[in-house]
>>> print(open('query.txt').read())   # compact mmCIF, N, CA, C and O atoms
# COMPACT_ATOMS: atom_id res chain seq x y z
N MET A 21 -10.63 13.23 11.41
CA MET A 21 -9.20 13.00 11.49
C MET A 21 -8.50 13.85 10.43
O MET A 21 -8.91 13.89 9.28
N ALA A 22 -7.47 14.52 10.81
CA ALA A 22 -6.75 15.41 9.91
C ALA A 22 -5.95 14.61 8.88
O ALA A 22 -5.53 13.49 9.13
N ASP A 23 -5.76 15.21 7.71
CA ASP A 23 -4.93 14.59 6.68
C ASP A 23 -3.50 14.48 7.19
O ASP A 23 -3.02 15.35 7.91
N LYS A 24 -2.82 13.40 6.82
CA LYS A 24 -1.44 13.20 7.22
C LYS A 24 -0.58 13.09 5.97
O LYS A 24 -0.94 12.41 5.02
N SER A 25 0.56 13.73 6.00
CA SER A 25 1.51 13.56 4.91
C SER A 25 2.19 12.20 5.07
O SER A 25 2.16 11.59 6.15
N MET A 26 2.83 11.75 4.02
CA MET A 26 3.56 10.48 4.10
C MET A 26 4.71 10.60 5.10
O MET A 26 4.99 9.66 5.84
N LYS A 27 5.34 11.78 5.17
CA LYS A 27 6.42 11.98 6.15
C LYS A 27 5.89 11.78 7.58
O LYS A 27 6.55 11.16 8.41
N VAL A 28 4.71 12.29 7.84
CA VAL A 28 4.10 12.15 9.16
C VAL A 28 3.77 10.68 9.43
O VAL A 28 4.03 10.15 10.51
N MET A 29 3.24 10.00 8.42
CA MET A 29 2.91 8.57 8.59
C MET A 29 4.17 7.76 8.83
O MET A 29 4.19 6.87 9.69
N GLN A 30 5.25 8.07 8.08
CA GLN A 30 6.50 7.34 8.29
C GLN A 30 7.05 7.59 9.69
O GLN A 30 7.52 6.66 10.35
N ALA A 31 6.95 8.81 10.18
CA ALA A 31 7.42 9.13 11.53
C ALA A 31 6.56 8.43 12.58
O ALA A 31 7.07 7.92 13.58
N GLU A 32 5.26 8.39 12.35
CA GLU A 32 4.34 7.74 13.28
C GLU A 32 4.65 6.24 13.39
O GLU A 32 4.70 5.68 14.49
N VAL A 33 4.87 5.59 12.25
CA VAL A 33 5.20 4.17 12.26
C VAL A 33 6.56 3.95 12.92
O VAL A 33 6.74 3.03 13.71
N ASP A 34 7.53 4.82 12.63
CA ASP A 34 8.85 4.69 13.22
C ASP A 34 8.79 4.81 14.74
O ASP A 34 9.45 4.06 15.46
N GLN A 35 7.97 5.74 15.23
CA GLN A 35 7.81 5.90 16.67
C GLN A 35 7.18 4.65 17.28
O GLN A 35 7.60 4.18 18.33
N TYR A 36 6.19 4.09 16.59
CA TYR A 36 5.54 2.86 17.08
C TYR A 36 6.54 1.71 17.14
O TYR A 36 6.68 1.06 18.17
N ILE A 37 7.25 1.46 16.04
CA ILE A 37 8.20 0.35 15.98
C ILE A 37 9.36 0.57 16.95
O ILE A 37 9.88 -0.37 17.54
N GLY A 38 9.75 1.82 17.14
CA GLY A 38 10.88 2.16 18.00
C GLY A 38 10.70 1.80 19.46
O GLY A 38 11.67 1.74 20.22
N GLN A 39 9.48 1.52 19.88
CA GLN A 39 9.25 1.17 21.28
C GLN A 39 9.53 -0.31 21.57
O GLN A 39 9.50 -0.73 22.72
N PHE A 40 9.85 -1.08 20.54
CA PHE A 40 10.08 -2.52 20.70
C PHE A 40 11.55 -2.86 20.46
O PHE A 40 12.17 -2.35 19.53
N LYS A 41 12.11 -3.74 21.29
CA LYS A 41 13.50 -4.16 21.16
C LYS A 41 13.77 -4.78 19.79
O LYS A 41 14.86 -4.62 19.25
N GLU A 42 12.80 -5.49 19.25
CA GLU A 42 13.00 -6.20 17.99
C GLU A 42 13.20 -5.24 16.81
O GLU A 42 13.87 -5.58 15.84
N GLY A 43 12.60 -4.07 16.88
CA GLY A 43 12.72 -3.10 15.80
C GLY A 43 12.11 -3.61 14.50
O GLY A 43 11.21 -4.44 14.51
N TYR A 44 12.62 -3.11 13.40
CA TYR A 44 12.11 -3.52 12.09
C TYR A 44 12.61 -4.92 11.75
O TYR A 44 13.72 -5.29 12.11
N PHE A 45 11.80 -5.66 11.01
CA PHE A 45 12.21 -6.97 10.51
C PHE A 45 13.26 -6.77 9.41
O PHE A 45 13.41 -5.68 8.86
N SER A 46 13.93 -7.83 9.05
CA SER A 46 14.89 -7.80 7.95
C SER A 46 14.15 -7.55 6.63
O SER A 46 12.94 -7.80 6.54
N PRO A 47 14.86 -7.07 5.61
CA PRO A 47 14.18 -6.85 4.31
C PRO A 47 13.48 -8.10 3.77
O PRO A 47 12.37 -8.02 3.25
N LEU A 48 14.10 -9.26 3.92
CA LEU A 48 13.47 -10.49 3.42
C LEU A 48 12.20 -10.81 4.21
O LEU A 48 11.17 -11.17 3.62
N ALA A 49 12.25 -10.66 5.52
CA ALA A 49 11.06 -10.89 6.34
C ALA A 49 9.98 -9.87 6.01
O ALA A 49 8.78 -10.19 5.99
N MET A 50 10.40 -8.63 5.75
CA MET A 50 9.44 -7.57 5.41
C MET A 50 8.75 -7.90 4.09
O MET A 50 7.54 -7.69 3.94
N LEU A 51 9.51 -8.40 3.12
CA LEU A 51 8.92 -8.79 1.84
C LEU A 51 7.94 -9.94 2.03
O LEU A 51 6.86 -9.94 1.41
N ALA A 52 8.27 -10.87 2.90
CA ALA A 52 7.35 -11.97 3.20
C ALA A 52 6.05 -11.43 3.82
O ALA A 52 4.95 -11.86 3.46
N ARG A 53 6.18 -10.47 4.75
CA ARG A 53 5.00 -9.85 5.35
C ARG A 53 4.16 -9.14 4.30
O ARG A 53 2.93 -9.22 4.30
N MET A 54 4.83 -8.42 3.39
CA MET A 54 4.12 -7.71 2.33
C MET A 54 3.35 -8.69 1.46
O MET A 54 2.19 -8.48 1.12
N THR A 55 4.01 -9.79 1.10
CA THR A 55 3.37 -10.81 0.27
C THR A 55 2.15 -11.40 0.98
O THR A 55 1.10 -11.60 0.36
N GLU A 56 2.29 -11.64 2.26
CA GLU A 56 1.18 -12.16 3.06
C GLU A 56 0.00 -11.19 3.05
O GLU A 56 -1.16 -11.58 2.84
N GLU A 57 0.28 -9.91 3.26
CA GLU A 57 -0.79 -8.91 3.29
C GLU A 57 -1.45 -8.74 1.92
O GLU A 57 -2.67 -8.57 1.83
N VAL A 58 -0.67 -8.79 0.85
CA VAL A 58 -1.24 -8.69 -0.50
C VAL A 58 -2.14 -9.91 -0.75
O VAL A 58 -3.21 -9.79 -1.36
N GLY A 59 -1.73 -11.07 -0.25
CA GLY A 59 -2.58 -12.26 -0.37
C GLY A 59 -3.91 -12.09 0.36
O GLY A 59 -4.96 -12.50 -0.15
N GLU A 60 -3.87 -11.46 1.53
CA GLU A 60 -5.10 -11.22 2.28
C GLU A 60 -5.99 -10.23 1.53
O GLU A 60 -7.23 -10.40 1.49
N LEU A 61 -5.41 -9.22 0.90
CA LEU A 61 -6.19 -8.29 0.09
C LEU A 61 -6.80 -9.03 -1.10
O LEU A 61 -7.98 -8.84 -1.42
N SER A 62 -6.03 -9.89 -1.72
CA SER A 62 -6.53 -10.67 -2.86
C SER A 62 -7.73 -11.50 -2.45
O SER A 62 -8.72 -11.59 -3.19
N ARG A 63 -7.66 -12.10 -1.29
CA ARG A 63 -8.77 -12.91 -0.80
C ARG A 63 -10.03 -12.06 -0.61
O ARG A 63 -11.12 -12.46 -0.99
N GLU A 64 -9.85 -10.87 -0.02
CA GLU A 64 -11.01 -9.99 0.17
C GLU A 64 -11.60 -9.53 -1.16
O GLU A 64 -12.82 -9.50 -1.32
N ILE A 65 -10.74 -9.18 -2.11
CA ILE A 65 -11.23 -8.76 -3.43
C ILE A 65 -12.00 -9.90 -4.06
O ILE A 65 -13.06 -9.69 -4.66
N ASN A 66 -11.49 -11.10 -3.94
CA ASN A 66 -12.17 -12.27 -4.50
C ASN A 66 -13.53 -12.48 -3.84
O ASN A 66 -14.51 -12.83 -4.50
N HIS A 67 -13.62 -12.23 -2.54
CA HIS A 67 -14.90 -12.38 -1.84
C HIS A 67 -15.91 -11.32 -2.28
O HIS A 67 -17.08 -11.62 -2.51
N TYR A 68 -15.46 -10.09 -2.41
CA TYR A 68 -16.38 -9.00 -2.74
C TYR A 68 -16.68 -8.87 -4.22
O TYR A 68 -17.78 -8.50 -4.61
N TYR A 69 -15.70 -9.14 -5.07
CA TYR A 69 -15.87 -8.88 -6.50
C TYR A 69 -15.70 -10.12 -7.36
O TYR A 69 -15.91 -10.06 -8.57
N GLY A 70 -15.32 -11.21 -6.76
CA GLY A 70 -15.08 -12.44 -7.51
C GLY A 70 -16.20 -13.46 -7.31
O GLY A 70 -17.29 -13.13 -6.85
N GLU A 71 -15.86 -14.66 -7.61
CA GLU A 71 -16.84 -15.74 -7.58
C GLU A 71 -16.79 -16.58 -6.30
O GLU A 71 -17.49 -17.58 -6.19
N LYS A 72 -15.97 -16.18 -5.35
CA LYS A 72 -15.79 -16.99 -4.15
C LYS A 72 -16.37 -16.30 -2.92
O LYS A 72 -15.73 -15.45 -2.31
N PRO A 73 -17.61 -16.63 -2.55
CA PRO A 73 -18.19 -15.99 -1.36
C PRO A 73 -17.49 -16.45 -0.09
O PRO A 73 -16.89 -17.52 -0.04
N LYS A 74 -17.58 -15.62 0.93
CA LYS A 74 -16.99 -15.96 2.23
C LYS A 74 -17.77 -17.11 2.86
O LYS A 74 -18.97 -17.25 2.67
N LYS A 75 -17.04 -17.89 3.64
CA LYS A 75 -17.68 -18.92 4.44
C LYS A 75 -18.33 -18.20 5.63
O LYS A 75 -17.85 -17.15 6.06
N THR A 76 -19.36 -18.77 6.16
CA THR A 76 -20.02 -18.16 7.31
C THR A 76 -19.11 -18.13 8.54
O THR A 76 -19.31 -17.32 9.43
N THR A 77 -18.10 -18.97 8.57
CA THR A 77 -17.18 -19.03 9.70
C THR A 77 -16.03 -18.05 9.58
O THR A 77 -15.27 -17.87 10.54
N GLU A 78 -15.88 -17.38 8.42
CA GLU A 78 -14.76 -16.46 8.21
C GLU A 78 -15.05 -15.11 8.85
O GLU A 78 -16.16 -14.60 8.79
N ALA A 79 -14.01 -14.54 9.45
CA ALA A 79 -14.12 -13.22 10.08
C ALA A 79 -14.42 -12.16 9.03
O ALA A 79 -13.96 -12.25 7.89
N GLU A 80 -15.17 -11.16 9.44
CA GLU A 80 -15.49 -10.04 8.55
C GLU A 80 -14.32 -9.09 8.50
O GLU A 80 -13.93 -8.53 9.51
N ARG A 81 -13.71 -8.96 7.35
CA ARG A 81 -12.62 -8.02 7.13
C ARG A 81 -13.02 -7.17 5.93
O ARG A 81 -13.91 -7.53 5.19
N THR A 82 -12.32 -6.09 5.75
CA THR A 82 -12.68 -5.23 4.64
C THR A 82 -11.48 -4.98 3.74
O THR A 82 -10.33 -5.13 4.17
N VAL A 83 -11.76 -4.60 2.52
CA VAL A 83 -10.71 -4.22 1.58
C VAL A 83 -9.92 -3.05 2.18
O VAL A 83 -8.68 -3.04 2.11
N GLU A 84 -10.61 -2.11 2.77
CA GLU A 84 -9.94 -0.95 3.38
C GLU A 84 -8.95 -1.38 4.47
O GLU A 84 -7.83 -0.88 4.53
N GLU A 85 -9.36 -2.31 5.30
CA GLU A 85 -8.49 -2.80 6.37
C GLU A 85 -7.25 -3.47 5.79
O GLU A 85 -6.12 -3.24 6.26
N GLU A 86 -7.45 -4.28 4.76
CA GLU A 86 -6.31 -4.98 4.15
C GLU A 86 -5.37 -4.00 3.46
O GLU A 86 -4.14 -4.15 3.53
N MET A 87 -5.91 -2.97 2.82
CA MET A 87 -5.05 -1.95 2.22
C MET A 87 -4.27 -1.19 3.29
O MET A 87 -3.11 -0.84 3.10
N GLY A 88 -4.91 -0.95 4.42
CA GLY A 88 -4.23 -0.31 5.54
C GLY A 88 -3.08 -1.16 6.05
O GLY A 88 -2.00 -0.63 6.37
N ASP A 89 -3.30 -2.47 6.12
CA ASP A 89 -2.22 -3.37 6.54
C ASP A 89 -1.05 -3.31 5.57
O ASP A 89 0.11 -3.28 5.98
N ILE A 90 -1.36 -3.29 4.27
CA ILE A 90 -0.30 -3.21 3.25
C ILE A 90 0.46 -1.89 3.40
O ILE A 90 1.69 -1.87 3.33
N LEU A 91 -0.26 -0.80 3.60
CA LEU A 91 0.38 0.50 3.76
C LEU A 91 1.31 0.50 4.98
O LEU A 91 2.44 0.99 4.91
N PHE A 92 0.86 -0.08 6.08
CA PHE A 92 1.68 -0.15 7.28
C PHE A 92 2.97 -0.92 7.00
O PHE A 92 4.07 -0.47 7.36
N VAL A 93 2.85 -2.08 6.37
CA VAL A 93 4.04 -2.89 6.08
C VAL A 93 4.94 -2.17 5.09
O VAL A 93 6.17 -2.17 5.23
N LEU A 94 4.37 -1.50 4.09
CA LEU A 94 5.17 -0.75 3.13
C LEU A 94 5.95 0.37 3.83
O LEU A 94 7.14 0.58 3.56
N ILE A 95 5.30 1.06 4.75
CA ILE A 95 5.98 2.12 5.50
C ILE A 95 7.09 1.53 6.37
O ILE A 95 8.20 2.07 6.42
N CYS A 96 6.81 0.40 7.01
CA CYS A 96 7.87 -0.26 7.80
C CYS A 96 9.05 -0.63 6.90
O CYS A 96 10.21 -0.41 7.26
N PHE A 97 8.75 -1.19 5.74
CA PHE A 97 9.78 -1.60 4.79
C PHE A 97 10.61 -0.39 4.37
O PHE A 97 11.85 -0.41 4.41
N ALA A 98 9.94 0.70 4.00
CA ALA A 98 10.64 1.91 3.58
C ALA A 98 11.49 2.47 4.72
O ALA A 98 12.65 2.82 4.52
N ASN A 99 10.92 2.55 5.90
CA ASN A 99 11.66 3.08 7.05
C ASN A 99 12.91 2.24 7.33
O ASN A 99 13.97 2.78 7.62
N SER A 100 12.76 0.92 7.25
CA SER A 100 13.89 0.04 7.55
C SER A 100 15.03 0.23 6.56
O SER A 100 16.19 -0.05 6.88
N LEU A 101 14.71 0.69 5.35
CA LEU A 101 15.72 0.91 4.31
C LEU A 101 16.04 2.40 4.12
O LEU A 101 16.71 2.77 3.16
N ASN A 102 15.54 3.25 5.04
CA ASN A 102 15.74 4.71 4.97
C ASN A 102 15.29 5.30 3.63
O ASN A 102 15.98 6.12 3.03
N ILE A 103 14.11 4.87 3.19
CA ILE A 103 13.53 5.38 1.95
C ILE A 103 12.44 6.38 2.29
O ILE A 103 11.54 6.08 3.08
N ASP A 104 12.52 7.56 1.72
CA ASP A 104 11.50 8.60 1.87
C ASP A 104 10.41 8.30 0.84
O ASP A 104 10.62 8.45 -0.37
N LEU A 105 9.25 7.88 1.31
CA LEU A 105 8.18 7.49 0.39
C LEU A 105 7.61 8.67 -0.39
O LEU A 105 7.13 8.49 -1.50
N GLU A 106 7.66 9.87 0.18
CA GLU A 106 7.21 11.05 -0.59
C GLU A 106 8.13 11.25 -1.78
O GLU A 106 7.67 11.51 -2.90
N GLU A 107 9.42 11.12 -1.56
CA GLU A 107 10.38 11.27 -2.66
C GLU A 107 10.21 10.15 -3.67
O GLU A 107 10.25 10.38 -4.88
N ALA A 108 10.00 8.93 -3.20
CA ALA A 108 9.77 7.80 -4.10
C ALA A 108 8.52 8.04 -4.95
O ALA A 108 8.51 7.79 -6.16
N HIS A 109 7.47 8.56 -4.32
CA HIS A 109 6.24 8.88 -5.04
C HIS A 109 6.49 9.96 -6.09
O HIS A 109 6.03 9.84 -7.23
N ASN A 110 7.20 11.00 -5.70
CA ASN A 110 7.50 12.08 -6.65
C ASN A 110 8.27 11.56 -7.86
O ASN A 110 8.00 11.96 -9.00
N ARG A 111 9.23 10.68 -7.62
CA ARG A 111 10.01 10.12 -8.73
C ARG A 111 9.14 9.29 -9.67
O ARG A 111 9.26 9.40 -10.89
N VAL A 112 8.27 8.48 -9.11
CA VAL A 112 7.44 7.63 -9.97
C VAL A 112 6.41 8.47 -10.74
O VAL A 112 6.12 8.20 -11.90
N MET A 113 5.89 9.52 -10.12
CA MET A 113 4.95 10.39 -10.83
C MET A 113 5.65 11.13 -11.96
O MET A 113 5.08 11.32 -13.03
N GLN A 114 6.89 11.55 -11.73
CA GLN A 114 7.68 12.19 -12.78
C GLN A 114 7.85 11.23 -13.96
O GLN A 114 7.70 11.60 -15.12
N LYS A 115 8.14 9.98 -13.64
CA LYS A 115 8.30 8.96 -14.68
C LYS A 115 7.00 8.79 -15.46
O LYS A 115 7.01 8.77 -16.69
N PHE A 116 5.88 8.66 -14.76
CA PHE A 116 4.60 8.47 -15.45
C PHE A 116 4.21 9.69 -16.27
O PHE A 116 3.61 9.57 -17.33
N ASN A 117 4.54 10.88 -15.75
CA ASN A 117 4.18 12.11 -16.46
C ASN A 117 5.10 12.43 -17.63
O ASN A 117 4.80 13.33 -18.41
N THR A 118 6.19 11.72 -17.76
CA THR A 118 7.08 11.94 -18.91
C THR A 118 7.06 10.72 -19.82
O THR A 118 6.54 10.78 -20.92
N ARG A 119 7.56 9.61 -19.35
CA ARG A 119 7.65 8.40 -20.16
C ARG A 119 6.28 7.92 -20.66
O ARG A 119 6.13 7.53 -21.81
N ASP A 120 5.29 7.95 -19.79
CA ASP A 120 3.97 7.39 -20.12
C ASP A 120 2.92 8.45 -20.41
O ASP A 120 1.73 8.15 -20.45
N LYS A 121 3.34 9.69 -20.66
CA LYS A 121 2.36 10.78 -20.78
C LYS A 121 1.39 10.60 -21.94
O LYS A 121 0.26 11.05 -21.88
N ASP A 122 1.81 9.90 -23.00
CA ASP A 122 0.93 9.68 -24.15
C ASP A 122 0.49 8.23 -24.29
O ASP A 122 -0.02 7.84 -25.34
N ARG A 123 0.66 7.47 -23.27
CA ARG A 123 0.36 6.03 -23.34
C ARG A 123 -1.14 5.74 -23.32
O ARG A 123 -1.59 4.81 -23.97
N TRP A 124 -1.89 6.51 -22.58
CA TRP A 124 -3.32 6.26 -22.41
C TRP A 124 -4.12 7.39 -23.02
O TRP A 124 -3.65 8.52 -23.12
N THR A 125 -5.35 7.11 -23.38
CA THR A 125 -6.23 8.12 -23.98
C THR A 125 -6.80 8.99 -22.86
O THR A 125 -7.49 8.49 -21.96
N LYS A 126 -6.52 10.27 -22.93
CA LYS A 126 -7.02 11.19 -21.92
C LYS A 126 -8.49 11.49 -22.19
O LYS A 126 -8.93 11.53 -23.34
N ILE A 127 -9.23 11.72 -21.14
CA ILE A 127 -10.67 11.95 -21.24
C ILE A 127 -10.96 13.13 -22.14
O ILE A 127 -11.82 13.04 -23.02
N ASP A 128 -10.24 14.24 -21.99
CA ASP A 128 -10.54 15.43 -22.81
C ASP A 128 -10.18 15.21 -24.29
O ASP A 128 -10.68 15.91 -25.14
N GLU A 129 -9.36 14.22 -24.61
CA GLU A 129 -9.03 13.91 -26.02
C GLU A 129 -10.20 13.24 -26.72
O GLU A 129 -10.25 13.21 -27.94
N GLN A 130 -11.13 12.69 -25.97
CA GLN A 130 -12.30 12.03 -26.55
C GLN A 130 -13.49 12.96 -26.60
O GLN A 130 -14.57 12.55 -26.95
N GLY A 131 -13.30 14.20 -26.21
CA GLY A 131 -14.40 15.16 -26.17
C GLY A 131 -15.24 15.02 -24.90
O GLY A 131 -16.32 15.57 -24.82
N GLU A 132 -14.74 14.26 -23.90
CA GLU A 132 -15.44 14.09 -22.64
C GLU A 132 -14.77 14.93 -21.57
O GLU A 132 -13.59 15.22 -21.65
N ASN A 133 -15.49 15.30 -20.56
CA ASN A 133 -14.90 16.04 -19.44
C ASN A 133 -15.06 15.30 -18.16
O ASN A 133 -15.77 14.50 -17.91
>>> encode(input="query.txt", output="structure tokens")
Amino acid sequence: MADKSMKVMQAEVDQYIGQFKEGYFSPLAMLARMTEEVGELSREINHYYGEKPKKTTEAERTVEEEMGDILFVLICFANSLNIDLEEAHNRVMQKFNTRDKDRWTKIDEQGEN
């Protein structure tokens, strides 16, 4: 599968949602969906890396699948608010590369590569 830019992913999701009369959910409903999906990811992380094993009756899901669900909802949320996620990403990286540039110990500062 070829790499997709965020713009392509946003367009793909918009095309998918655009085929339904209901369209995008309201921002509040979208936030509720996001919260639900993050909860499902939390449950999977707890099963794989925490102290709570899955019940034998629970469906097999993966961390990757749950992250994909979160990404889908995030893209829907951004599209519904006309937010360009590539631009949002660029802004946050600029912030981290300026404001937080000296916050953490870089590997090469410790003599490691």
>>> atom_distance(input="query.txt", atom1="atom CA of A:Asp104", atom2="atom C of A:Leu61")
25.6 Å
>>> closest_residue(input="query.txt", among="A:Arg123, A:His109, A:Glu78, A:Phe97", to="A:Tyr44", atoms="only N, CA, C and O atoms")
A:Phe97
>>> residues_around(input="query.txt", residues="stretch 29-36 of chain A", least_positions_apart="6", cutoff="10 Å", atoms="only C-alpha atoms", output="PyMOL selection string")
chain A and resi 43-44+91-96+98-100+103-106
>>> atom_distance(input="query.txt", atom1="atom O of A:Glu57", atom2="atom O of A:Arg81")
11.8 Å
>>> axis_aligned_box(input="query.txt", around="stretch 90-101 of chain A", padding_each_side="5 Å", output="JSON")
{"center_x": 7.7, "center_y": -0.1, "center_z": 5.5, "size_x": 28.1, "size_y": 16.4, "size_z": 14.7}
>>> atom_distance(input="query.txt", atom1="atom CA of A:Val112", atom2="atom CA of A:Ile90")
18.8 Å
>>> build_atoms(input="query.txt", residues="stretch 113-122 of chain A", atoms="all heavy atoms", output="compact mmCIF listing (two decimals), keeping the file's coordinate frame")
# COMPACT_ATOMS: atom_id res chain seq x y z
N MET A 113 5.89 9.52 -10.12
CA MET A 113 4.95 10.39 -10.83
C MET A 113 5.65 11.13 -11.96
O MET A 113 5.08 11.32 -13.03
CB MET A 113 4.26 11.36 -9.87
CG MET A 113 3.27 10.70 -8.93
SD MET A 113 2.04 9.63 -9.74
CE MET A 113 1.18 10.81 -10.77
N GLN A 114 6.89 11.55 -11.73
CA GLN A 114 7.68 12.19 -12.78
C GLN A 114 7.85 11.23 -13.96
O GLN A 114 7.70 11.60 -15.12
CB GLN A 114 9.04 12.64 -12.24
CG GLN A 114 9.97 13.22 -13.28
CD GLN A 114 9.47 14.53 -13.87
OE1 GLN A 114 8.69 15.25 -13.26
NE2 GLN A 114 9.91 14.83 -15.07
N LYS A 115 8.14 9.98 -13.64
CA LYS A 115 8.30 8.96 -14.68
C LYS A 115 7.00 8.79 -15.46
O LYS A 115 7.01 8.77 -16.69
CB LYS A 115 8.72 7.63 -14.03
CG LYS A 115 8.86 6.49 -15.00
CD LYS A 115 9.37 5.23 -14.32
CE LYS A 115 8.41 4.70 -13.29
NZ LYS A 115 8.83 3.44 -12.68
N PHE A 116 5.88 8.66 -14.76
CA PHE A 116 4.60 8.47 -15.45
C PHE A 116 4.21 9.69 -16.27
O PHE A 116 3.61 9.57 -17.33
CB PHE A 116 3.49 8.12 -14.46
CG PHE A 116 3.62 6.73 -13.88
CD1 PHE A 116 3.44 6.52 -12.53
CD2 PHE A 116 3.94 5.64 -14.68
CE1 PHE A 116 3.56 5.24 -11.98
CE2 PHE A 116 4.07 4.38 -14.14
CZ PHE A 116 3.87 4.17 -12.79
N ASN A 117 4.54 10.88 -15.75
CA ASN A 117 4.18 12.11 -16.46
C ASN A 117 5.10 12.43 -17.63
O ASN A 117 4.80 13.33 -18.41
CB ASN A 117 4.13 13.28 -15.48
CG ASN A 117 2.90 13.24 -14.61
OD1 ASN A 117 1.81 12.95 -15.08
ND2 ASN A 117 3.07 13.51 -13.33
N THR A 118 6.19 11.72 -17.76
CA THR A 118 7.08 11.94 -18.91
C THR A 118 7.06 10.72 -19.82
O THR A 118 6.54 10.78 -20.92
CB THR A 118 8.52 12.25 -18.45
OG1 THR A 118 8.99 11.23 -17.59
CG2 THR A 118 8.59 13.59 -17.75
N ARG A 119 7.56 9.61 -19.35
CA ARG A 119 7.65 8.40 -20.16
C ARG A 119 6.28 7.92 -20.66
O ARG A 119 6.13 7.53 -21.81
CB ARG A 119 8.32 7.29 -19.36
CG ARG A 119 8.53 6.00 -20.15
CD ARG A 119 8.90 4.86 -19.26
NE ARG A 119 7.74 4.45 -18.47
CZ ARG A 119 7.78 3.59 -17.47
NH1 ARG A 119 8.93 3.08 -17.09
NH2 ARG A 119 6.69 3.26 -16.80
N ASP A 120 5.29 7.95 -19.79
CA ASP A 120 3.97 7.39 -20.12
C ASP A 120 2.92 8.45 -20.41
O ASP A 120 1.73 8.15 -20.45
CB ASP A 120 3.49 6.50 -18.97
CG ASP A 120 4.36 5.29 -18.76
OD1 ASP A 120 5.09 4.91 -19.70
OD2 ASP A 120 4.32 4.71 -17.66
N LYS A 121 3.34 9.69 -20.66
CA LYS A 121 2.36 10.78 -20.78
C LYS A 121 1.39 10.60 -21.94
O LYS A 121 0.26 11.05 -21.88
CB LYS A 121 3.06 12.13 -20.88
CG LYS A 121 3.84 12.39 -22.14
CD LYS A 121 4.51 13.76 -22.09
CE LYS A 121 5.33 14.02 -23.31
NZ LYS A 121 4.59 14.24 -24.51
N ASP A 122 1.81 9.90 -23.00
CA ASP A 122 0.93 9.68 -24.15
C ASP A 122 0.49 8.23 -24.29
O ASP A 122 -0.02 7.84 -25.34
CB ASP A 122 1.65 10.14 -25.44
CG ASP A 122 1.97 11.62 -25.41
OD1 ASP A 122 1.11 12.39 -24.94
OD2 ASP A 122 3.07 12.00 -25.85
